[in-house]
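> Quick one: the structure is below, and I'll ask about it shortly.
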Amino acid sequence: IEAVGLFLIDVADRDSLMHMYSRKGWYETATGIRILDERELDHLAGRNNLGQITIYPDGTQREARHSLRVYALTELVGMLNSAGLALETTFGGMDGSPVNLESRRLVILARKP
């Protein structure tokens, strides 16, 4: 019996992120929480670094920092091929939409031949 494996990965879509990139921004939730973001893209490392301040309705604040490695579709397909996996299909979300500049997600299905 030959084993066949599927590999599914769901990540942020770097190209879409770059298309809509903004260094600073803020928004308010329905519960009155204000969130302020400051982003910096490290092109060499392929990382989106985010500083975030959350301001609660009672005035208390919380600060957080995040760093997310973002990949292009071509990088991910290259890594899959190097691992011996063959690309089956790609989607712009778990809803099966196509990958385009408005896709917030990058969903890749690969197969072990």
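Residue numbering restarts at 1 in every chain; chains get A, B, ... in the order shown in the structure tokens, and ligands count up from 1 in that same order.
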Tell me, as a ChimeraX atom specification, which residues lie within 12 Å of segment 46-53 of chain A, counting only C-alpha atoms; anything in the same chain fewer than 3 positions away does not count.
/A:12-15,17-18,21-28,33-43,56,59-72,75
> Excluding same-chain residues fewer than 4 positions from segment 77-86 of chain A, what lies within 6 Å of it counting only C-alpha atoms, as a list in words?
Ala110, Arg111 and Lys112 of chain A
> Write out, as a JSON list (two decimals), in the first residue's frame, the residues just selected, with N, CA, C and O atoms.

```json
[["chain", "number", "residue", "atom", "x", "y", "z"],
["A", 110, "ALA", "N", -1.00, 20.96, -0.88],
["A", 110, "ALA", "CA", 0.08, 20.24, -1.58],
["A", 110, "ALA", "C", -0.10, 18.75, -1.29],
["A", 110, "ALA", "O", -0.80, 18.35, -0.37],
["A", 111, "ARG", "N", 0.57, 17.97, -2.12],
["A", 111, "ARG", "CA", 0.43, 16.51, -2.02],
["A", 111, "ARG", "C", 1.81, 15.87, -2.06],
["A", 111, "ARG", "O", 2.69, 16.32, -2.77],
["A", 112, "LYS", "N", 1.93, 14.81, -1.29],
["A", 112, "LYS", "CA", 3.14, 14.00, -1.35],
["A", 112, "LYS", "C", 2.94, 13.00, -2.48],
["A", 112, "LYS", "O", 2.03, 12.17, -2.42]]
```
> Once DSSP has gone over the backbone, tell me which residues of chain A are in strand (DSSP E or B), as a PyMOL selection string.
chain A and resi 5-13+24-28+34-42+47-55+61-69+71+86-91+105-112
> Would you save the residues from that selection as a tab-separated table (two decimals), in the first residue's frame, using C-alpha atoms?

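Now in selection.tsv:
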```
chain	number	residue	atom	x	y	z
A	5	GLY	CA	-0.34	12.56	2.13
A	6	LEU	CA	-1.94	15.96	1.84
A	7	PHE	CA	-0.50	19.13	3.33
A	8	LEU	CA	-2.63	22.23	3.96
A	9	ILE	CA	-1.20	25.54	5.09
A	10	ASP	CA	-3.08	28.79	5.80
A	11	VAL	CA	-0.95	31.93	6.25
A	12	ALA	CA	-1.16	35.69	5.79
A	13	ASP	CA	-0.72	36.63	2.13
A	24	LYS	CA	0.14	53.58	11.04
A	25	GLY	CA	-3.51	53.08	11.70
A	26	TRP	CA	-6.16	52.78	14.34
A	27	TYR	CA	-9.66	51.44	14.77
A	28	GLU	CA	-12.33	51.21	17.43
A	34	ARG	CA	-9.36	51.68	20.60
A	35	ILE	CA	-6.41	49.94	18.96
A	36	LEU	CA	-3.48	51.88	17.54
A	37	ASP	CA	-1.02	50.10	15.25
A	38	GLU	CA	2.44	51.07	14.06
A	39	ARG	CA	4.04	48.74	11.51
A	40	GLU	CA	7.49	48.39	10.06
A	41	LEU	CA	8.34	46.00	7.25
A	42	ASP	CA	11.80	44.44	7.37
A	47	ARG	CA	9.03	40.28	8.64
A	48	ASN	CA	6.15	42.61	9.46
A	49	ASN	CA	6.89	44.10	12.88
A	50	LEU	CA	3.91	45.56	14.72
A	51	GLY	CA	3.68	47.71	17.81
A	52	GLN	CA	0.14	47.90	19.17
A	53	ILE	CA	-1.44	50.00	21.91
A	54	THR	CA	-4.87	48.96	23.15
A	55	ILE	CA	-6.87	51.61	25.04
A	61	GLN	CA	-3.74	50.71	28.23
A	62	ARG	CA	-1.88	47.63	27.12
A	63	GLU	CA	1.11	47.57	24.79
A	64	ALA	CA	2.20	44.60	22.70
A	65	ARG	CA	4.72	43.88	19.99
A	66	HIS	CA	4.40	41.24	17.29
A	67	SER	CA	6.68	40.09	14.52
A	68	LEU	CA	5.24	37.98	11.73
A	69	ARG	CA	7.28	36.29	8.99
A	71	TYR	CA	5.99	34.73	2.65
A	86	ALA	CA	3.79	18.94	-5.21
A	87	LEU	CA	1.44	21.91	-5.40
A	88	GLU	CA	-2.20	20.88	-5.85
A	89	THR	CA	-4.01	24.22	-5.64
A	90	THR	CA	-4.10	27.62	-3.95
A	91	PHE	CA	-6.91	29.73	-2.51
A	105	ARG	CA	-5.05	34.73	3.44
A	106	LEU	CA	-3.00	32.33	1.37
A	107	VAL	CA	-4.22	28.75	1.54
A	108	ILE	CA	-2.06	26.13	-0.16
A	109	LEU	CA	-2.87	22.47	-0.67
A	110	ALA	CA	0.08	20.24	-1.58
A	111	ARG	CA	0.43	16.51	-2.02
A	112	LYS	CA	3.14	14.00	-1.35
```
> Pick out each residue of chain A that DSSP on the backbone tags as alpha helix (DSSP H); I need them as a list in words.
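In chain A, DSSP puts these residues in alpha helix (DSSP H): Arg14, Asp15, Ser16, Leu17, Met18, His19, Leu73, Thr74, Glu75, Leu76, Val77, Gly78, Met79, Leu80, Asn81 and Ser82 of chain A.
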